[in-house]
file entry.txt (compact mmCIF, C-alpha atoms)
# COMPACT_ATOMS: atom_id res chain seq x y z
CA MET B 615 -18.46 -14.65 16.39
CA THR B 616 -18.63 -11.01 15.27
CA LEU B 617 -15.98 -8.75 16.75
CA ASN B 618 -16.64 -5.14 17.55
CA TYR B 619 -13.73 -3.31 15.98
CA GLU B 620 -14.79 0.15 17.18
CA ASN B 621 -12.36 0.22 20.09
CA PHE B 622 -9.43 -1.41 18.33
CA GLU B 623 -6.19 0.51 17.88
CA SER B 624 -5.30 1.22 14.26
CA ASN B 625 -2.18 -0.99 14.42
CA ASP B 626 -4.26 -3.93 15.65
CA LEU B 627 -6.74 -3.38 12.82
CA ILE B 628 -3.87 -3.31 10.33
CA GLU B 629 -2.52 -6.58 11.70
CA LEU B 630 -5.96 -8.18 11.43
CA ALA B 631 -6.40 -6.81 7.90
CA ARG B 632 -3.07 -8.39 7.00
CA LYS B 633 -4.50 -11.72 8.08
CA GLY B 634 -7.42 -11.13 5.74
CA HIS B 635 -10.03 -9.76 8.20
CA LYS B 636 -12.14 -7.69 5.86
CA GLN B 637 -14.23 -6.21 8.68
CA ALA B 638 -11.11 -4.93 10.41
CA PHE B 639 -10.13 -3.23 7.18
CA SER B 640 -13.66 -1.82 6.83
CA MET B 641 -13.16 -0.17 10.21
CA LEU B 642 -9.99 1.47 8.89
CA VAL B 643 -12.01 2.64 5.89
CA LYS B 644 -14.60 4.21 8.23
CA ARG B 645 -11.88 5.92 10.27
CA HIS B 646 -9.91 7.41 7.43
CA TYR B 647 -12.53 7.91 4.73
CA GLY B 648 -13.00 11.60 5.58
CA THR B 649 -9.27 12.38 5.59
CA VAL B 650 -8.75 10.79 2.16
CA MET B 651 -11.88 12.47 0.76
CA TYR B 652 -10.94 15.95 2.04
CA TYR B 653 -7.36 15.40 0.93
CA LEU B 654 -8.49 14.76 -2.65
CA MET B 655 -11.08 17.53 -2.57
CA GLY B 656 -8.28 19.83 -1.40
CA PHE B 657 -6.63 19.25 -4.77
CA GLY B 658 -9.78 20.43 -6.47
CA VAL B 659 -11.24 16.96 -7.16
CA LYS B 660 -15.05 16.88 -7.34
CA ARG B 661 -16.75 14.99 -4.55
CA SER B 662 -18.09 12.22 -6.82
CA ASP B 663 -14.65 11.72 -8.41
CA ALA B 664 -13.00 11.87 -4.99
CA GLU B 665 -15.28 9.05 -3.83
CA ASP B 666 -14.25 6.86 -6.80
CA ILE B 667 -10.55 7.55 -6.19
CA THR B 668 -10.98 6.93 -2.45
CA GLN B 669 -12.61 3.58 -3.16
CA ASP B 670 -9.79 2.55 -5.52
CA ALA B 671 -7.22 3.76 -3.00
CA PHE B 672 -8.68 1.64 -0.19
CA ILE B 673 -8.91 -1.45 -2.40
CA ASN B 674 -5.31 -0.92 -3.46
CA ALA B 675 -4.27 -0.42 0.15
CA PHE B 676 -5.89 -3.74 1.12
CA ARG B 677 -4.10 -5.45 -1.76
CA LYS B 678 -0.73 -4.01 -0.71
CA ILE B 679 -1.19 -4.05 3.06
CA ASP B 680 1.71 -6.50 3.45
CA GLN B 681 4.00 -3.79 2.07
CA PHE B 682 3.00 -1.28 4.76
CA LYS B 683 5.61 -0.83 7.48
CA THR B 684 3.98 -0.36 10.88
CA SER B 685 6.76 2.05 11.89
CA GLY B 686 5.31 4.58 9.43
CA SER B 687 2.02 6.43 9.41
CA PHE B 688 -0.90 4.46 7.98
CA VAL B 689 -2.75 7.62 7.02
CA GLY B 690 0.36 8.95 5.29
CA TRP B 691 0.68 5.71 3.37
CA LEU B 692 -3.00 5.83 2.47
CA LEU B 693 -2.73 9.43 1.24
CA ARG B 694 0.24 8.50 -0.92
CA ILE B 695 -1.82 5.73 -2.54
CA ALA B 696 -4.74 8.12 -3.04
CA ARG B 697 -2.48 10.74 -4.56
CA ASN B 698 -0.94 8.21 -6.97
CA GLN B 699 -4.41 6.97 -7.83
CA HIS B 700 -5.44 10.55 -8.56
CA ILE B 701 -2.37 11.16 -10.74
CA ASP B 702 -3.05 7.92 -12.66
CA LYS B 703 -6.60 9.08 -13.28
CA LEU B 704 -5.39 12.46 -14.52
CA ARG B 705 -2.83 10.77 -16.76
CA LYS B 706 -5.54 8.59 -18.25
CA GLU B 707 -7.58 11.69 -18.89
CA LYS B 708 -4.40 13.44 -20.10
CA LYS B 709 -4.89 16.26 -17.63
CA PHE B 710 -1.77 15.71 -15.54
CA ASP B 711 0.58 18.64 -15.64
CA THR B 712 4.11 17.46 -14.90
CA SER B 713 5.44 21.01 -14.91
CA GLY B 714 3.30 21.90 -11.89
CA SER B 715 4.96 24.18 -9.39
CA GLU B 716 4.84 23.90 -5.61
CA PHE B 717 1.34 23.81 -4.22
CA ASP B 718 0.77 26.98 -2.25
CA LEU B 719 -1.13 26.29 0.93
CA LEU B 720 -1.61 30.01 1.46
CA ASN B 721 -3.60 30.37 -1.73
CA LEU B 722 -5.91 27.41 -1.48
CA PRO B 723 -8.84 27.48 -3.84
CA ASP B 724 -12.15 27.89 -2.07
CA ASP B 725 -14.54 25.61 -3.91
CA ARG B 726 -17.50 26.45 -1.73
CA THR B 727 -20.42 28.19 -3.31
CA PRO B 728 -21.17 31.72 -1.96
CA GLU B 729 -24.28 30.24 -0.28
CA ALA B 730 -22.19 27.58 1.41
CA GLN B 731 -19.72 30.20 2.56
CA VAL B 732 -22.51 32.27 4.09
CA VAL B 733 -23.91 29.20 5.83
CA SER B 734 -20.47 28.15 7.06
CA ASP B 735 -19.63 31.61 8.33
CA ALA B 736 -22.93 31.75 10.16
CA MET B 737 -22.03 28.60 12.08
CA LEU B 738 -19.57 30.37 14.36
CA ASP B 739 -20.31 28.00 17.20
CA ASP B 740 -18.87 25.19 15.15
CA LEU B 741 -15.11 25.54 15.13
CA TYR B 742 -14.60 23.54 12.00
CA ALA B 743 -17.24 25.29 9.99
CA GLY B 744 -15.82 27.26 7.13
CA LEU B 745 -12.53 25.37 6.99
CA LYS B 746 -11.28 24.49 3.54
CA PRO B 747 -10.68 20.79 2.77
CA GLN B 748 -6.90 21.21 2.83
CA GLU B 749 -7.10 22.99 6.18
CA LYS B 750 -9.17 20.15 7.63
CA VAL B 751 -6.58 17.64 6.38
CA LEU B 752 -3.78 19.77 7.81
CA LEU B 753 -5.46 19.84 11.24
CA ASP B 754 -6.17 16.11 11.11
CA LEU B 755 -2.63 15.16 10.12
CA ARG B 756 -1.01 17.45 12.67
CA ILE B 757 -3.25 17.18 15.73
CA PHE B 758 -4.87 13.76 15.32
CA GLN B 759 -2.17 11.81 13.47
CA GLN B 760 0.71 13.77 15.06
CA MET B 761 2.51 13.83 11.75
CA PRO B 762 5.68 15.95 11.52
CA PHE B 763 5.50 19.04 9.31
CA SER B 764 8.06 17.59 6.90
CA GLU B 765 5.74 14.66 6.14
CA ILE B 766 2.63 16.85 6.02
CA ALA B 767 4.40 19.11 3.53
CA GLU B 768 5.28 16.08 1.41
CA HIS B 769 1.64 14.98 1.30
CA LEU B 770 0.23 18.40 0.64
CA GLY B 771 2.84 19.20 -2.00
CA SER B 772 4.16 22.17 -0.08
CA SER B 773 7.28 23.14 1.82
CA GLU B 774 7.79 22.34 5.51
CA GLY B 775 7.93 26.05 6.39
CA ASN B 776 4.72 26.75 4.51
CA ALA B 777 2.90 23.88 6.23
CA ARG B 778 4.08 25.11 9.64
CA LEU B 779 3.09 28.71 8.90
CA VAL B 780 -0.38 27.78 7.65
CA PHE B 781 -0.98 25.48 10.60
CA HIS B 782 -0.14 28.13 13.18
CA ARG B 783 -2.22 30.76 11.36
CA LEU B 784 -5.09 28.30 11.39
CA ILE B 785 -4.62 27.75 15.11
CA VAL B 786 -4.74 31.53 15.69
CA ARG B 787 -7.97 31.73 13.66
CA LEU B 788 -9.54 28.87 15.59
CA ARG B 789 -8.38 30.36 18.87
CA GLN B 790 -10.10 33.63 18.05
CA LYS B 791 -13.27 31.73 17.16
CA PHE B 792 -12.93 29.71 20.35
CA ARG B 793 -12.55 32.86 22.46
CA SER B 794 -15.54 34.55 20.90
CA MET G 1053 8.44 35.31 24.70
CA SER G 1054 8.16 35.69 20.92
CA ASP G 1055 5.43 34.11 18.79
CA LYS G 1056 7.98 31.71 17.27
CA GLU G 1057 8.94 30.41 20.70
CA CYS G 1058 5.27 30.01 21.63
CA GLU G 1059 4.75 28.05 18.40
CA LYS G 1060 7.62 25.75 19.34
CA ILE G 1061 6.04 25.11 22.74
CA ILE G 1062 2.68 24.31 21.11
CA ASP G 1063 4.39 22.02 18.58
CA ARG G 1064 6.08 20.16 21.41
CA ALA G 1065 2.76 19.74 23.22
CA ILE G 1066 1.13 18.38 20.05
CA GLU G 1067 3.96 15.96 19.34
CA SER G 1068 4.08 14.58 22.87
CA ASN G 1069 0.26 14.57 23.01
CA LYS G 1070 0.33 16.37 26.37
CA ALA G 1071 1.57 19.53 28.00
CA ASP G 1072 4.69 18.88 30.06
CA ALA G 1073 5.63 20.78 33.22
CA ALA G 1074 7.61 23.44 31.30
CA THR G 1075 4.70 24.03 28.92
CA GLU G 1076 2.25 24.33 31.78
CA ALA G 1077 4.53 26.76 33.57
CA HIS G 1078 4.76 28.85 30.40
CA ALA G 1079 0.99 28.72 29.86
CA ARG G 1080 0.46 30.25 33.31
CA THR G 1081 2.28 33.40 32.18
CA CYS G 1082 1.17 33.39 28.50
CA PRO G 1083 -2.58 33.78 27.89
CA LYS G 1084 -2.19 33.01 24.15
CA CYS G 1085 -0.55 29.65 24.79
CA ALA G 1086 -3.01 28.86 27.59
CA SER G 1087 -5.85 29.54 25.19
CA THR G 1088 -4.22 27.46 22.44
CA LEU G 1089 -3.72 24.52 24.79
CA ALA G 1090 -7.37 24.73 25.85
CA LEU G 1091 -8.37 24.84 22.18
CA LEU G 1092 -6.26 21.76 21.40
CA ALA G 1093 -7.85 19.88 24.27
CA LEU G 1094 -11.30 20.81 22.93
CA LEU G 1095 -10.37 19.77 19.39
CA LYS G 1096 -9.09 16.44 20.66
CA THR G 1097 -12.37 15.73 22.41
CA SER G 1098 -14.58 16.91 19.56
CA GLY G 1099 -12.76 14.74 17.01
CA SER G 1100 -11.04 15.26 13.71
CA PRO G 1101 -12.45 17.89 11.33
CA THR G 1102 -12.42 15.25 8.60
CA SER G 1103 -14.68 12.88 10.53
CA ASP G 1104 -17.84 14.70 9.42
CA LEU G 1105 -17.56 12.86 6.11
CA LYS G 1106 -18.71 9.28 6.62
CA PRO G 1107 -18.75 6.55 4.02
CA SER G 1108 -22.23 5.60 2.81
CA ALA G 1109 -23.55 2.07 3.28
CA ALA G 1110 -23.33 1.59 -0.51
CA PHE G 1111 -19.68 2.68 -0.47
CA LEU G 1112 -18.83 0.22 2.31
CA ALA G 1113 -20.74 -2.60 0.59
CA SER G 1114 -18.89 -1.90 -2.64
CA ILE G 1115 -15.53 -1.89 -0.83
CA GLU G 1116 -16.33 -5.17 0.96
CA SER G 1117 -17.32 -6.93 -2.25
CA SER G 1118 -14.10 -5.70 -3.89
CA LEU G 1119 -12.09 -6.92 -0.91
CA THR G 1120 -13.71 -10.37 -1.21
CA ALA G 1121 -12.80 -10.49 -4.90
CA THR G 1122 -9.26 -9.32 -4.10
CA ALA G 1123 -8.87 -11.97 -1.39
CA ALA G 1124 -10.10 -14.67 -3.79
CA GLN G 1125 -7.66 -13.47 -6.46
CA THR G 1126 -4.82 -13.54 -3.95
CA ILE G 1127 -5.66 -17.12 -2.96
CA THR G 1128 -5.81 -18.19 -6.64
CA LEU G 1129 -2.51 -16.45 -7.32
CA LYS G 1130 -0.89 -18.06 -4.28
CA THR G 1131 -2.12 -21.49 -5.41
CA LYS G 1132 -0.75 -20.89 -8.91
CA ILE G 1133 2.59 -19.75 -7.52
CA LEU G 1134 2.72 -22.80 -5.23
CA ALA G 1135 1.93 -25.12 -8.16
CA ALA G 1136 4.61 -23.42 -10.27
CA VAL G 1137 7.17 -23.73 -7.47
CA ILE G 1138 6.37 -27.43 -6.99
CA GLY G 1139 6.60 -27.96 -10.76
CA VAL G 1140 9.98 -26.22 -10.97
CA ALA G 1141 11.29 -28.14 -7.95
CA LEU G 1142 10.14 -31.45 -9.43
CA THR G 1143 11.70 -30.70 -12.82
CA ALA G 1144 14.93 -29.62 -11.16
CA THR G 1145 15.05 -32.82 -9.09
CA ILE G 1146 14.50 -34.99 -12.15
CA ALA G 1147 17.08 -33.04 -14.16
CA LEU G 1148 19.59 -33.32 -11.30
CA THR G 1149 19.02 -37.05 -10.99
CA ILE G 1150 19.54 -37.54 -14.72
CA ILE G 1151 22.68 -35.38 -14.73
CA SER G 1152 24.20 -37.14 -11.74
CA HIS G 1153 23.38 -40.54 -13.23
CA THR G 1154 24.95 -39.57 -16.58
CA GLY G 1155 27.97 -38.19 -14.77
CA LYS G 1156 28.48 -41.46 -12.88
CA SER G 1157 28.28 -43.61 -16.01
CA ASP G 1158 30.63 -41.23 -17.86
CA LYS G 1159 33.15 -41.48 -15.01
CA ARG G 1160 32.94 -45.25 -15.07
CA THR G 1161 33.67 -45.34 -18.81
CA ASP G 1162 36.50 -42.83 -18.48
CA LYS G 1163 38.12 -44.79 -15.63
CA ALA G 1164 37.89 -47.96 -17.59
CA ALA G 1165 39.38 -46.30 -20.68
CA GLN G 1166 42.22 -44.71 -18.67
CA SER G 1167 43.19 -47.88 -16.86
CA GLY G 1168 43.65 -49.66 -20.20
CA SER G 1169 42.02 -52.75 -18.86
CA VAL G 1170 39.33 -52.84 -21.43
CA THR G 1171 38.43 -56.39 -21.83
CA ASP G 1172 38.27 -57.72 -25.28
CA GLU G 1173 34.73 -58.79 -25.59
CA THR G 1174 35.02 -59.75 -29.21
CA THR G 1175 34.89 -63.31 -30.15
CA PRO G 1176 37.91 -64.92 -31.66
CA ALA G 1177 36.00 -64.98 -34.87
CA ALA G 1178 35.33 -61.24 -34.69
CA SER G 1179 38.93 -60.47 -33.96
CA SER G 1180 39.95 -62.12 -37.11
CA ASN G 1181 37.21 -60.48 -39.08
CA THR G 1182 38.13 -59.97 -42.62
CA GLY G 1183 34.77 -58.76 -43.78
CA GLU G 1184 33.92 -62.01 -45.40
CA ILE G 1185 30.74 -63.85 -44.59
CA ARG G 1186 31.74 -67.19 -43.43
CA PRO G 1187 29.59 -70.24 -43.42
CA ASN G 1188 28.72 -71.96 -40.12
CA THR G 1189 29.24 -68.81 -38.02
CA ASP G 1190 26.72 -67.62 -35.47
CA ASN G 1191 24.33 -65.51 -37.56
CA THR G 1192 22.31 -64.27 -34.59
CA ALA G 1193 25.05 -61.69 -33.92
CA PHE G 1194 24.07 -59.92 -37.11
CA PRO G 1195 20.90 -57.93 -37.62
CA GLN G 1196 18.31 -59.90 -39.43
CA LEU G 1197 16.20 -58.07 -41.99
CA LYS G 1198 12.68 -59.26 -42.05
CA PHE G 1199 10.46 -58.58 -45.02
CA PRO G 1200 6.72 -59.18 -44.99
CA SER G 1201 5.91 -62.33 -46.78
CA PRO G 1202 3.55 -62.10 -49.76
CA THR G 1203 1.02 -64.22 -47.89
CA ASP G 1204 0.67 -61.53 -45.14
CA GLU G 1205 -1.50 -59.33 -47.34
CA ILE G 1206 -3.80 -62.19 -48.18
CA LYS G 1207 -4.35 -62.79 -44.48
call {"tool": "encode", "arguments": {"input": "entry.txt", "output": "structure tokens"}}
result
Amino acid sequence: MTLNYENFESNDLIELARKGHKQAFSMLVKRHYGTVMYYLMGFGVKRSDAEDITQDAFINAFRKIDQFKTSGSFVGWLLRIARNQHIDKLRKEKKFDTSGSEFDLLNLPDDRTPEAQVVSDAMLDDLYAGLKPQEKVLLDLRIFQQMPFSEIAEHLGSSEGNARLVFHRLIVRLRQKFRS
Amino acid sequence: MSDKECEKIIDRAIESNKADAATEAHARTCPKCASTLALLALLKTSGSPTSDLKPSAAFLASIESSLTATAAQTITLKTKILAAVIGVALTATIALTIISHTGKSDKRTDKAAQSGSVTDETTPAASSNTGEIRPNTDNTAFPQLKFPSPTDEIK
């Protein structure tokens, strides 16, 4: 019998994945693929590399799913794995800078090409158009995962105050777009 | 109300996933917060901004095959661990049995030695052993050296 996992709660999917249900885990992959991808791309990782890291992160997550505590955030746990996976990759390539300072959410790099920026800006009817990867992750973690700012800051390598400030500025921007 | 206070109200609404009575009352007097709450409701219905990126069929297939391999590895590892545990338990049981058996026999010997009731099992002949080989004594008590006879090779 094939179960339809579409309507399952994340915690139920996690429980099933713990019992070895690969399809339940695949549903978790479908749900959180975008967040992990944008999260990595927010750190300046190329899309093709981000996909490789995301794949490794999900496989690792499945392997370690018994270690996940359901009281915590699954997405947060997943992002931590992805981040470690990314750092490991950088270490292997000897590109990891351990002296790195705090990541400034206010000065996020905009990796979009000028053409893409023009296209994005033209899509004013789409609220999310033109958002940077890190901003999309910030919105997802705060509004959809209801993660506290302290945890968001930890994941994004920023301070709690910075995460809060950027989020509310983003909300103001979206509100203006929404009004217009 | 200041912007900071409005932010706190919005944060509370996000965290509780709904606007409570106090928030709604505030929104009636604050157009900014009313607009933000309406925006949040719209965002919630339109879905996460990260959901526009979907995994490709090839990506999912690759993940599933890796998961199958991982599951198989886990089963093999579990079997190996189980076999190792059984092996250790078996060895420990055998070792314990041997130790307890040796301990019992040692105790028995010690008790016997302490009580001083060691029975003299030597024969009267042995007790008066002077090291001389005597004729007509029971030779079976001594080890007998057997040499191959010269005819053995011929056979």
call {"tool": "interface_residues", "arguments": {"input": "entry.txt", "of": "chain G", "to": "chain B", "cutoff": "9 Å", "atoms": "all atoms listed in the file", "output": "count of residues only"}}
result
32
call {"tool": "atom_distance", "arguments": {"input": "entry.txt", "atom1": "atom CA of B:Phe657", "atom2": "atom CA of G:Ser1117"}}
result
28.4 Å
call {"tool": "atom_distance", "arguments": {"input": "entry.txt", "atom1": "atom CA of B:Asp626", "atom2": "atom CA of B:Ala638"}}
result
8.7 Å
call {"tool": "atom_distance", "arguments": {"input": "entry.txt", "atom1": "atom CA of G:Ala1074", "atom2": "atom CA of G:Asp1055"}}
result
16.6 Å
